[in-house]
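J.: Pasting a structure below so you can have a look.
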Amino acid sequence: MSATQLSPEMNALKDRMRATWMAGDFGVIAKQTEHPGLEFVSRLGIGPGMKVLDVACGTGNTALPEARAGADVTGVDIADNLIEQARARAAEAGLTAKFEVGDAEDLQFENSSFDAVVTMFGAMFAPRPEVVASEFKRVCKSGGLIAMANWTPQSFAGQMFKLSTKYIPPPPGITPPVMWGDEDTVRQRFSEGIADLKMERIKVIFRFEMPPADVVELFKTYFGPTQVAFSKLAPDGQAALRQDMVDLFTTNNIATDGGTENEMEYLEVRAIKA
């Protein structure tokens with residue numbers, strides 16, 4: 001389905017999502033997932049000559065190591081500013097990769113165009129997961145790989161998103177993004193057109209050289225969804241959200257040196273298209 005076929009309500013929702021991810025400077029927060037991105041890509045068997053589509057690529061945390069492995073990489077994301085950062089990072093690293101604005105639910109590529117379709121903490125936020133699954137299968141070649149890294153509902157990230165919805169409820173009918181981190185849900189979404197499906201839960205650590213209260217201020221300043229959530233609340237609501245976030249980071253802090261370390265968990269999905 002192309003964007004021109006969407007209802008006015010869905011078009012408005014997508015515009016809000018784009019504005020949310022363009023708010024702040026996600027590149028600051030994305031530094032936390034650079035190393036997990038390298039490790040994720042290293043397990044996918046991506047190599048020279050493979051055509052790879054990196055969906056919701058952000059600032060390029062997975063697209064760049066894919067290009068470094070010799071793949072022909074195209075990265076797409078709904079946020080123009082993140083595409084610009086990805087292009088700048090690729091140029092600085094001397095890597096050849098294409099980056100363009102694009103929608104995970106409306107991929108502008110021919111059927112069976114890619115050997116691998118990859119997304120890390122990205123396509124899971126698209127509002128229509130069944131359309132994402134269909135588009136991934138459509139553009140992937142038979143025998144090709146569809147790989148996803150999705151925060152689990154039980155993870156610290158899942159708790160953060162749940163906290164945000166306490167203050168800013170999602171639109172009616174929108175499935176929580178972290179359901180892409182639930183094994184049974186993924187099996188249902190990939191129940192057709194997939195020859196093999198493997199899933200594994202992976203633990204990673206987010207480390208900040210500052211106490212939890214300062215980490216909350218960092219997210220409030222640079223992480224689009226958090227910044228937008230605060231902007232929609234009255235002062236008393238902002239104070240309550242801030243305190244809840246500080247409590248969440250503090251309760252889950254495993255650092256003992258004054259910094260902040262939170263254990264995160266994601267579901268690694270590897271599906272082979274039939």
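For the structure tokens, the naming scheme is as follows: chains receive sequential letters (A, B, ...) according to their order of presentation, residues are indexed from 1 within each chain, and ligands are indexed from 1 in presentation order.
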Near Glu110 (chain A), within 12 Å and counting only C-alpha atoms, which residues show up once chain neighbours fewer than 4 positions away are dropped, as a short mmCIF file (atom, residue, chain, number, x, y, z; two decimals) with C-alpha atoms, in the first residue's frame?
T.:
data_model
loop_
_atom_site.label_atom_id
_atom_site.label_comp_id
_atom_site.auth_asym_id
_atom_site.auth_seq_id
_atom_site.Cartn_x
_atom_site.Cartn_y
_atom_site.Cartn_z
CA LEU A 53 18.19 -3.23 2.78
CA ASP A 106 5.86 1.35 1.93
CA PHE A 114 17.47 -7.90 -1.62
CA GLU A 135 6.80 -5.56 2.90
CA PHE A 136 9.88 -7.30 4.31
CA LYS A 137 8.85 -10.58 2.69
CA ARG A 138 7.97 -8.84 -0.58
CA VAL A 139 11.34 -7.15 -1.14
CA CYS A 140 13.44 -10.10 0.12
CA LYS A 141 14.58 -12.76 -2.32
#
J.: Which residues in region 189-252 of chain A does DSSP call strand (DSSP E)? List them as a CSV table (one decimal) with N, CA and C atoms, in the first residue's frame.
T.:
chain,number,residue,atom,x,y,z
A,194,ILE,N,7.6,-18.0,5.1
A,194,ILE,CA,8.9,-18.1,5.8
A,194,ILE,C,9.2,-19.6,5.9
A,195,ALA,N,10.4,-19.9,5.4
A,195,ALA,CA,10.8,-21.3,5.4
A,195,ALA,C,11.5,-21.7,6.8
A,196,ASP,N,12.1,-20.8,7.4
A,196,ASP,CA,12.8,-21.1,8.7
A,196,ASP,C,12.8,-19.8,9.6
A,197,LEU,N,12.5,-20.0,10.9
A,197,LEU,CA,12.5,-18.9,11.8
A,197,LEU,C,13.2,-19.3,13.1
A,198,LYS,N,14.2,-18.4,13.4
A,198,LYS,CA,14.9,-18.6,14.6
A,198,LYS,C,14.9,-17.3,15.4
A,199,MET,N,14.8,-17.5,16.8
A,199,MET,CA,14.7,-16.3,17.6
A,199,MET,C,15.6,-16.6,18.9
A,200,GLU,N,16.2,-15.5,19.4
A,200,GLU,CA,17.0,-15.6,20.5
A,200,GLU,C,17.0,-14.3,21.3
A,201,ARG,N,16.9,-14.4,22.6
A,201,ARG,CA,16.9,-13.2,23.4
A,201,ARG,C,18.4,-12.8,23.8
A,202,ILE,N,18.7,-11.5,23.5
A,202,ILE,CA,20.1,-11.0,23.7
A,202,ILE,C,20.1,-9.9,24.7
A,203,LYS,N,21.1,-10.0,25.6
A,203,LYS,CA,21.2,-9.0,26.7
A,203,LYS,C,22.3,-8.0,26.3
A,204,VAL,N,22.1,-6.7,26.5
A,204,VAL,CA,23.1,-5.7,26.2
A,204,VAL,C,23.0,-4.7,27.4
A,205,ILE,N,24.1,-3.9,27.6
A,205,ILE,CA,24.2,-3.0,28.7
A,205,ILE,C,24.3,-1.6,28.1
A,206,PHE,N,23.4,-0.7,28.6
A,206,PHE,CA,23.6,0.8,28.3
A,206,PHE,C,24.3,1.4,29.5
A,207,ARG,N,25.4,2.1,29.2
A,207,ARG,CA,26.3,2.6,30.2
A,207,ARG,C,26.4,4.2,30.0
A,208,PHE,N,26.1,4.9,31.1
A,208,PHE,CA,26.2,6.4,31.1
A,208,PHE,C,27.1,6.8,32.2
J.: Per residue of region 137-199 of chain A within 8 Å of region 219-237 of chain A, what are the shortest atom pair and its distance in Å to one decimal, counting only C-alpha atoms, with rows by chain and residue number, as a tab-separated table?
T.:
residue	atom	partner	partner_atom	distance
A:Ser164	CA	A:Ala229	CA	7.0
A:Tyr167	CA	A:Ala229	CA	7.6
A:Ile168	CA	A:Ala229	CA	6.5
J.: Smallest atom-to-atom distance to Asp103 (chain A): which of A:Ile29, A:Leu248, A:Ala147, A:Val76, using only C-alpha atoms?
T.: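 Closest to Asp103 (chain A) of all the choices is A:Val76.
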J.: Find the residue from A:Gln85, A:Val73, A:Ala56, A:Glu130 that sits nearest to Gly102 (chain A); use only C-alpha atoms when measuring.
T.: A:Ala56
J.: Take CA of Pro211 (chain A) and CA of Pro153 (chain A) and report the distance between them in Å, one decimal.
T.: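 Separation of CA of Pro211 (chain A) and CA of Pro153 (chain A): 24.8 Å.
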J.: Could you work out how far CA of Ala240 (chain A) lies from CA of Gly173 (chain A), giving the answer in Å with one decimal?
T.: 26.4 Å
J.: Considering only C-alpha atoms, return as an MDAnalysis selection string whatever protein or nucleic-acid residues lie within 9 Å of Met120 (chain A), sequence-local ones (same chain, fewer than 3 positions apart) excluded.
T.: chainID A and resid 37 40 54:57 61:62 123:124 147:150 268
J.: If we count only C-alpha atoms and set the cut-off at 10 Å, which residues sit around Met210 (chain A), ignoring sequence neighbours fewer than 6 positions away in its own chain? Please answer as a ChimeraX atom specification.
T.: /A:218,257-261
J.: Could you dump the residues just selected with N, CA and C atoms as a tab-separated table (two decimals), in the first residue's frame?
T.:
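New file part_3.tsv:
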chain	number	residue	atom	x	y	z
A	218	LEU	N	19.28	13.76	29.88
A	218	LEU	CA	19.86	13.47	28.57
A	218	LEU	C	18.77	12.99	27.61
A	257	ASP	N	29.47	2.85	40.76
A	257	ASP	CA	30.54	3.86	40.76
A	257	ASP	C	30.02	5.27	40.52
A	258	GLY	N	28.72	5.47	40.68
A	258	GLY	CA	28.15	6.79	40.45
A	258	GLY	C	27.58	6.98	39.06
A	259	GLY	N	27.87	6.06	38.17
A	259	GLY	CA	27.32	6.11	36.82
A	259	GLY	C	25.99	5.38	36.75
A	260	THR	N	25.53	5.13	35.54
A	260	THR	CA	24.27	4.43	35.34
A	260	THR	C	24.46	3.31	34.32
A	261	GLU	N	24.10	2.11	34.71
A	261	GLU	CA	24.13	0.96	33.81
A	261	GLU	C	22.79	0.25	33.90
J.: Out of region 36-255 of chain A, which residues get alpha helix (DSSP H) from DSSP, as an MDAnalysis selection string?
T.: chainID A and resid 36:42 63:68 80:93 129:139 156:167 183:189 212:222 224:231 235:251
J.: Keeping only C-alpha atoms, write those residues as a compact mmCIF listing (two decimals), in the first residue's frame.
T.:
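Result written to again-v8.txt:
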# COMPACT_ATOMS: atom_id res chain seq x y z
CA PRO A 36 25.29 -3.94 19.91
CA GLY A 37 24.76 -3.09 16.24
CA LEU A 38 28.20 -4.42 15.34
CA GLU A 39 27.56 -7.63 17.26
CA PHE A 40 24.12 -8.09 15.71
CA VAL A 41 25.43 -7.70 12.16
CA SER A 42 28.38 -10.02 12.87
CA ALA A 63 24.15 -0.17 7.83
CA LEU A 64 27.78 0.89 8.29
CA PRO A 65 29.09 -2.49 9.49
CA GLU A 66 27.09 -4.15 6.71
CA ALA A 67 28.86 -1.90 4.20
CA ARG A 68 32.18 -2.56 5.90
CA ASP A 80 15.43 13.18 7.21
CA ASN A 81 17.91 14.32 9.86
CA LEU A 82 18.87 10.75 10.73
CA ILE A 83 19.47 9.97 7.05
CA GLU A 84 21.75 13.01 6.88
CA GLN A 85 23.72 11.76 9.89
CA ALA A 86 24.02 8.28 8.36
CA ARG A 87 25.36 9.74 5.11
CA ALA A 88 27.88 11.86 7.01
CA ARG A 89 29.06 8.89 9.07
CA ALA A 90 29.47 6.74 5.95
CA ALA A 91 31.46 9.47 4.20
CA GLU A 92 33.69 9.96 7.23
CA ALA A 93 34.36 6.22 7.38
CA PRO A 129 3.24 -4.53 11.99
CA GLU A 130 1.40 -6.78 9.57
CA VAL A 131 2.25 -4.38 6.73
CA VAL A 132 5.90 -4.31 7.82
CA ALA A 133 6.08 -8.11 7.77
CA SER A 134 4.45 -8.20 4.32
CA GLU A 135 6.80 -5.56 2.90
CA PHE A 136 9.88 -7.30 4.31
CA LYS A 137 8.85 -10.58 2.69
CA ARG A 138 7.97 -8.84 -0.58
CA VAL A 139 11.34 -7.15 -1.14
CA PHE A 156 14.12 -2.03 30.47
CA ALA A 157 13.31 -0.40 27.13
CA GLY A 158 9.88 -2.01 27.27
CA GLN A 159 9.35 -0.53 30.73
CA MET A 160 10.36 2.91 29.43
CA PHE A 161 7.86 2.79 26.58
CA LYS A 162 5.14 1.54 28.95
CA LEU A 163 5.87 4.45 31.26
CA SER A 164 5.52 6.93 28.38
CA THR A 165 2.10 5.53 27.48
CA LYS A 166 0.98 6.11 31.08
CA TYR A 167 1.23 9.84 30.35
CA GLU A 183 8.16 -14.79 20.26
CA ASP A 184 4.56 -15.91 19.80
CA THR A 185 3.65 -12.62 18.13
CA VAL A 186 6.58 -12.87 15.73
CA ARG A 187 5.63 -16.45 14.83
CA GLN A 188 2.14 -15.25 13.99
CA ARG A 189 3.38 -12.33 11.88
CA PRO A 212 20.25 8.34 36.78
CA ALA A 213 18.77 11.84 37.20
CA ASP A 214 21.23 13.22 34.66
CA VAL A 215 20.48 10.35 32.27
CA VAL A 216 16.82 11.32 32.37
CA GLU A 217 17.78 14.89 31.43
CA LEU A 218 19.86 13.47 28.57
CA PHE A 219 16.85 11.55 27.22
CA LYS A 220 14.59 14.55 27.77
CA THR A 221 16.94 16.68 25.67
CA TYR A 222 18.01 14.31 22.89
CA GLY A 224 12.71 12.40 20.39
CA PRO A 225 9.93 10.29 21.97
CA THR A 226 10.88 11.47 25.48
CA GLN A 227 11.22 15.09 24.41
CA VAL A 228 7.82 15.04 22.71
CA ALA A 229 6.17 13.32 25.69
CA PHE A 230 7.40 16.08 28.02
CA SER A 231 6.31 18.80 25.59
CA PRO A 235 4.28 21.31 34.43
CA ASP A 236 2.87 18.96 37.07
CA GLY A 237 2.70 16.14 34.53
CA GLN A 238 6.29 16.82 33.46
CA ALA A 239 7.44 16.66 37.08
CA ALA A 240 5.62 13.36 37.61
CA LEU A 241 7.02 11.82 34.41
CA ARG A 242 10.52 12.96 35.28
CA GLN A 243 10.30 11.44 38.76
CA ASP A 244 8.93 8.16 37.38
CA MET A 245 11.81 8.02 34.89
CA VAL A 246 14.41 8.75 37.56
CA ASP A 247 12.89 6.01 39.73
CA LEU A 248 12.95 3.56 36.81
CA PHE A 249 16.60 4.26 35.95
CA THR A 250 17.58 4.17 39.63
CA THR A 251 15.75 0.94 40.47
